[in-house]
Amino acid sequence: MKKISIILISTFFYLALSSFSNTVIDLENVHADFKKKASILLTKQILNQAKWAMEQEPITITASSSPRSAGGKHDFFSEADYFWPDPKNPDGPYINRDGLTNPDNFVAHRKAMIRFSKIIGALASAYKITGNESYVKHALKHFQAWFINSETLMNPNLLFAQAVKGKFTGRNYGIIDTIHLMEVAQGALVMENAKSFDKTSLKGIKKWFADYLIWLNTSKPGIQEKTVKNNHATCWAMQVASFAKLCKDEAMLDSLRTSYKTILLPNQMGTDGSFPLETVRTKPYGYSIFNLDAMTMLCQILSTPKDNLWKFETADGKSIRKGLDYLYPYISDKSKWPLKADVMYWENWPVAQPFLIFGAVQFNQHEWYSTWEKLDHAPQVEEVIRNLPIRNPLIWL
């Protein structure tokens with residue numbers, strides 16, 4: 001009897017182990033299948049973008065300046081989008097008009113950073129597809145200009161971002177501007193083992209991001225941004241996760257996993273999967289998309305086999321899957337959106353949102369992938385690009 005019991009127990013464990021192994025293999029096959037399809041879809045676009053990128057010379061923030069900046073030549077400066085001159089006092093402090101972008105604000109530094117992100121994203125993607133080291137060599141010119149060259153580098157802080165004339169020389173909300181350095185950091189991670197990527201430059205790049213991580217976590221604006229209740233806190237965590245991954249800062253990555261599970265997800269998501277703090281604003285559709293993209297990227301960057309945020313669920317049932325299930329029908333058919341339309345750029349959303357491709361891969365959702373496949377993968381509207389920091393999914397898969 002004892003022998004039979006041992007045989008039965010052994011058989012049970014063998015079957016359980018086989019089932020687990022098959023599940024792992026199946027998941028790997030699913031991931032590989034989606035990745036292959038995405039590569040086929042995007043290769044032509046990537047190579048065209050890389051061709052453009054190879055023709056671009058570095059332009060950093062030192063190439064332009066504003067008399068309204070309280071910073072110096074190497075300090076990033078931008079102005080808050082939704083602040084305008086006061087009609088009653090045209091020369092006085094600006095006033096807020098939420099959701100309405102002032103086209104006369106200084107955005108040259110932001111545009112330079114987005115251009116940098118586009119260049120590195122394209123070169124890293126092309127390198128990943130082809131293995132051609134010429135992409136790495138050209139990327140290094142841009143990395144060195146932004147992070148190493150003393151004449152052209154950017155200081156690793158955002159003290160003067162999203163300033164408001166007559167009120168603030170800079171605000172914590174401006175930290176969201178550096179979400180466009182995420183694909184720069186990821187590009188460095190993708191290319192760091194290339195023969196052409198010299199170790200001295202790599203060390204300098206990682207030091208810049210490590211210094212910026214310290215500023216994001218210890219400065220007054222950084223701490224303020226970390227504790228904002230809406231998408232700003234999500235985006236703070238998203239970019240910190242990206243930079244910490246490049247710097248291999250495991251303690252920081254662990255703290256962000258805890259923050260996602262105990263603060264960001266439970267405090268921002270409703271029990272139906274929506275984001276109430278975004279839906280009450282003047283652009284509820286765009287902000288809901290933006291925040292879901294950011295939370296999805298947190299899961300993509302931070303998940304490990306031991307701590308898989310894709311599978312995490314709060315006691316009251318909130319999860320990234322619930323967020324995806326809530327918003328997807330309104331991406332597939334925007335006419336079903338139950339709330340008011342956005343005051344600006346309503347017609348420009350959605351595009352090929354990151355949450356669709358990464359969610360499809362994780363949850364084996366071919367319908368989500370098909371929707372992503374059909375949407376615009378190279379949007380040209382500046383506001384859309386500004387709120388779409390992840391434009392090169394292959395370097396993240």
# chains A, B, ... in the order shown; residues from 1 in each chain; ligands from 1

$ residues_around --residues "Gly71 in chain A" --least-positions-apart "4" --cutoff "10 Å" --atoms "only C-alpha atoms" --output "compact mmCIF listing (two decimals) with all heavy atoms, in the first residue's frame"
# COMPACT_ATOMS: atom_id res chain seq x y z
N SER A 65 17.34 78.57 -26.46
CA SER A 65 17.11 79.08 -25.10
C SER A 65 15.93 80.03 -25.10
O SER A 65 15.46 80.48 -26.15
CB SER A 65 18.36 79.80 -24.58
OG SER A 65 18.65 80.92 -25.40
N SER A 66 15.44 80.32 -23.92
CA SER A 66 14.32 81.25 -23.76
C SER A 66 14.69 82.31 -22.72
O SER A 66 15.25 81.97 -21.66
CB SER A 66 13.07 80.50 -23.28
OG SER A 66 12.06 81.41 -22.87
N PRO A 67 14.36 83.57 -22.99
CA PRO A 67 14.64 84.61 -21.99
C PRO A 67 13.82 84.45 -20.72
O PRO A 67 14.13 85.04 -19.69
CB PRO A 67 14.27 85.90 -22.73
CG PRO A 67 13.31 85.48 -23.80
CD PRO A 67 13.75 84.12 -24.21
N ASP A 75 20.42 73.71 -18.76
CA ASP A 75 19.21 73.34 -18.02
C ASP A 75 18.01 73.23 -18.93
O ASP A 75 17.67 74.17 -19.66
CB ASP A 75 18.92 74.37 -16.92
CG ASP A 75 19.95 74.35 -15.82
OD1 ASP A 75 20.26 73.25 -15.34
OD2 ASP A 75 20.46 75.44 -15.45
N PHE A 76 17.36 72.08 -18.88
CA PHE A 76 16.13 71.88 -19.64
C PHE A 76 15.08 72.88 -19.18
O PHE A 76 14.87 73.08 -17.98
CB PHE A 76 15.62 70.45 -19.41
CG PHE A 76 14.37 70.09 -20.17
CD1 PHE A 76 14.45 69.46 -21.41
CD2 PHE A 76 13.11 70.39 -19.65
CE1 PHE A 76 13.30 69.13 -22.10
CE2 PHE A 76 11.95 70.07 -20.34
CZ PHE A 76 12.05 69.43 -21.58
N PHE A 77 14.38 73.49 -20.14
CA PHE A 77 13.33 74.45 -19.81
C PHE A 77 12.11 74.19 -20.68
O PHE A 77 12.23 73.95 -21.88
CB PHE A 77 13.82 75.89 -20.05
CG PHE A 77 12.75 76.94 -19.83
CD1 PHE A 77 12.28 77.21 -18.55
CD2 PHE A 77 12.23 77.66 -20.90
CE1 PHE A 77 11.30 78.18 -18.34
CE2 PHE A 77 11.25 78.63 -20.70
CZ PHE A 77 10.79 78.89 -19.41
N LEU A 158 15.39 68.53 -13.62
CA LEU A 158 14.32 69.24 -14.32
C LEU A 158 13.77 70.36 -13.44
O LEU A 158 12.57 70.51 -13.25
CB LEU A 158 13.20 68.27 -14.72
CG LEU A 158 13.04 68.07 -16.24
CD1 LEU A 158 14.30 67.49 -16.85
CD2 LEU A 158 11.86 67.19 -16.56
N LEU A 159 14.67 71.15 -12.93
CA LEU A 159 14.29 72.25 -12.04
C LEU A 159 13.48 73.34 -12.74
O LEU A 159 12.74 74.09 -12.08
CB LEU A 159 15.55 72.88 -11.43
CG LEU A 159 16.22 72.08 -10.32
CD1 LEU A 159 17.60 72.66 -10.01
CD2 LEU A 159 15.34 72.08 -9.05
N PHE A 160 13.61 73.44 -14.07
CA PHE A 160 13.00 74.56 -14.78
C PHE A 160 12.00 74.11 -15.83
O PHE A 160 11.73 74.80 -16.79
CB PHE A 160 14.10 75.42 -15.42
CG PHE A 160 15.17 75.83 -14.43
CD1 PHE A 160 16.39 75.17 -14.39
CD2 PHE A 160 14.92 76.83 -13.50
CE1 PHE A 160 17.36 75.52 -13.47
CE2 PHE A 160 15.88 77.19 -12.57
CZ PHE A 160 17.11 76.54 -12.56
N ALA A 161 11.42 72.93 -15.60
CA ALA A 161 10.44 72.39 -16.54
C ALA A 161 9.03 72.85 -16.18
O ALA A 161 8.70 73.02 -15.00
CB ALA A 161 10.50 70.87 -16.56
N THR A 169 9.17 79.34 -11.60
CA THR A 169 10.32 79.18 -12.50
C THR A 169 10.45 77.73 -12.95
O THR A 169 11.21 77.42 -13.87
CB THR A 169 11.61 79.63 -11.81
OG1 THR A 169 11.78 78.88 -10.59
CG2 THR A 169 11.58 81.12 -11.51
N GLY A 170 9.72 76.86 -12.32
CA GLY A 170 9.68 75.44 -12.66
C GLY A 170 8.70 74.75 -11.73
O GLY A 170 8.43 75.25 -10.64

$ residues_around --residues "range 86-90 of chain A" --least-positions-apart "5" --cutoff "12 Å" --atoms "only C-alpha atoms" --output "PyMOL selection string"
chain A and resi 95-97+165-166

$ residues_around --residues "His109 in chain A" --least-positions-apart "4" --cutoff "8 Å" --atoms "only C-alpha atoms" --output "PDB file with N, CA and C atoms, in the first residue's frame"
ATOM      1  N   THR A  60      21.047  69.232 -29.060  1.00  0.00           N
ATOM      2  CA  THR A  60      20.651  69.126 -27.654  1.00  0.00           C
ATOM      3  C   THR A  60      19.989  70.433 -27.208  1.00  0.00           C
ATOM      4  N   ILE A  61      19.688  70.521 -25.939  1.00  0.00           N
ATOM      5  CA  ILE A  61      19.001  71.704 -25.419  1.00  0.00           C
ATOM      6  C   ILE A  61      19.866  72.955 -25.469  1.00  0.00           C
ATOM      7  N   SER A  64      19.172  75.960 -28.162  1.00  0.00           N
ATOM      8  CA  SER A  64      18.099  76.953 -28.085  1.00  0.00           C
ATOM      9  C   SER A  64      17.900  77.387 -26.639  1.00  0.00           C
ATOM     10  N   PHE A  76      17.358  72.083 -18.882  1.00  0.00           N
ATOM     11  CA  PHE A  76      16.126  71.878 -19.642  1.00  0.00           C
ATOM     12  C   PHE A  76      15.077  72.876 -19.177  1.00  0.00           C
ATOM     13  N   PHE A  77      14.385  73.491 -20.138  1.00  0.00           N
ATOM     14  CA  PHE A  77      13.332  74.455 -19.807  1.00  0.00           C
ATOM     15  C   PHE A  77      12.109  74.191 -20.675  1.00  0.00           C
ATOM     16  N   SER A  78      10.940  74.223 -20.055  1.00  0.00           N
ATOM     17  CA  SER A  78       9.680  74.155 -20.795  1.00  0.00           C
ATOM     18  C   SER A  78       8.645  74.961 -20.033  1.00  0.00           C
ATOM     19  N   MET A 113      14.289  66.904 -27.218  1.00  0.00           N
ATOM     20  CA  MET A 113      14.327  65.638 -26.501  1.00  0.00           C
ATOM     21  C   MET A 113      13.514  64.572 -27.227  1.00  0.00           C
TER      22      MET A 113
END

$ atom_distance --atom1 "CA of Leu181 in chain A" --atom2 "CA of Phe243 in chain A"
8.5 Å

$ closest_residue --among "A:Leu375, A:Ile390, A:Ser39, A:Lys141" --to "Phe197 in chain A" --atoms "only C-alpha atoms"
A:Lys141

$ residues_around --residues "Gln144 in chain A" --least-positions-apart "3" --cutoff "9 Å" --atoms "only C-alpha atoms" --output "PyMOL selection string"
chain A and resi 139-141+147-149+152-153+201+204-205

$ residues_around --residues "Ala194 in chain A" --least-positions-apart "2" --cutoff "8 Å" --atoms "only C-alpha atoms" --output "list of chain:residue names"
A:Glu133, A:Val136, A:Met191, A:Glu192, A:Ser196, A:Phe197

$ write_last_selection --atoms "C-alpha atoms" --output "PDB file, in the first residue's frame"
ATOM      1  CA  GLU A 133      26.824  48.095 -35.922  1.00  0.00           C
ATOM      2  CA  VAL A 136      25.245  51.833 -32.840  1.00  0.00           C
ATOM      3  CA  MET A 191      22.877  48.299 -27.818  1.00  0.00           C
ATOM      4  CA  GLU A 192      25.217  48.161 -24.802  1.00  0.00           C
ATOM      5  CA  SER A 196      30.957  49.491 -31.316  1.00  0.00           C
ATOM      6  CA  PHE A 197      29.552  50.658 -27.974  1.00  0.00           C
TER       7      PHE A 197
END

$ closest_atom_pairs --of "range 42-119 of chain A" --to "range 337-357 of chain A" --cutoff "12 Å" --atoms "only C-alpha atoms" --output "JSON lines"
{"residue": "A:Leu42", "atom": "CA", "partner": "A:Ala352", "partner_atom": "CA", "distance": 11.7}
{"residue": "A:Tyr82", "atom": "CA", "partner": "A:Met344", "partner_atom": "CA", "distance": 11.5}
{"residue": "A:Arg97", "atom": "CA", "partner": "A:Val343", "partner_atom": "CA", "distance": 11.0}
{"residue": "A:Asp98", "atom": "CA", "partner": "A:Val343", "partner_atom": "CA", "distance": 9.4}
{"residue": "A:Gly99", "atom": "CA", "partner": "A:Val343", "partner_atom": "CA", "distance": 6.7}
{"residue": "A:Leu100", "atom": "CA", "partner": "A:Met344", "partner_atom": "CA", "distance": 6.8}
{"residue": "A:Thr101", "atom": "CA", "partner": "A:Met344", "partner_atom": "CA", "distance": 8.4}
{"residue": "A:Asn102", "atom": "CA", "partner": "A:Met344", "partner_atom": "CA", "distance": 11.7}

$ write_last_selection --atoms "N, CA and C atoms" --output "mmCIF file, in the first residue's frame"
data_model
loop_
_atom_site.group_PDB
_atom_site.id
_atom_site.type_symbol
_atom_site.label_atom_id
_atom_site.label_comp_id
_atom_site.auth_asym_id
_atom_site.auth_seq_id
_atom_site.Cartn_x
_atom_site.Cartn_y
_atom_site.Cartn_z
ATOM 1 N N LEU A 42 6.505 45.866 -38.736
ATOM 2 C CA LEU A 42 7.180 47.140 -38.500
ATOM 3 C C LEU A 42 8.531 47.297 -39.194
ATOM 4 N N TYR A 82 -0.987 74.330 -20.319
ATOM 5 C CA TYR A 82 -2.352 74.853 -20.180
ATOM 6 C C TYR A 82 -2.423 76.236 -19.538
ATOM 7 N N ARG A 97 -5.956 77.264 -18.140
ATOM 8 C CA ARG A 97 -7.097 76.846 -18.958
ATOM 9 C C ARG A 97 -6.895 75.359 -19.228
ATOM 10 N N ASP A 98 -7.359 74.530 -18.302
ATOM 11 C CA ASP A 98 -7.052 73.100 -18.315
ATOM 12 C C ASP A 98 -7.452 72.427 -19.628
ATOM 13 N N GLY A 99 -6.502 71.687 -20.185
ATOM 14 C CA GLY A 99 -6.765 70.925 -21.398
ATOM 15 C C GLY A 99 -6.519 71.675 -22.685
ATOM 16 N N LEU A 100 -6.334 72.997 -22.592
ATOM 17 C CA LEU A 100 -6.136 73.819 -23.788
ATOM 18 C C LEU A 100 -4.665 74.222 -23.887
ATOM 19 N N THR A 101 -3.982 73.732 -24.894
ATOM 20 C CA THR A 101 -2.543 73.959 -25.040
ATOM 21 C C THR A 101 -2.257 75.330 -25.636
ATOM 22 N N ASN A 102 -1.398 76.090 -24.978
ATOM 23 C CA ASN A 102 -0.982 77.409 -25.468
ATOM 24 C C ASN A 102 0.124 77.209 -26.514
#

$ select_by_dssp --residues "range 266-318 of chain A" --states "alpha helix (DSSP H)" --output "list in words"
Pro266, Asn267, Gln268, Pro276, Leu277, Glu278, Thr279, Pro284, Tyr285, Gly286, Tyr287, Ser288, Ile289, Phe290, Asn291, Leu292, Asp293, Ala294, Met295, Thr296, Met297, Leu298, Cys299, Gln300, Ile301 and Leu302 of chain A
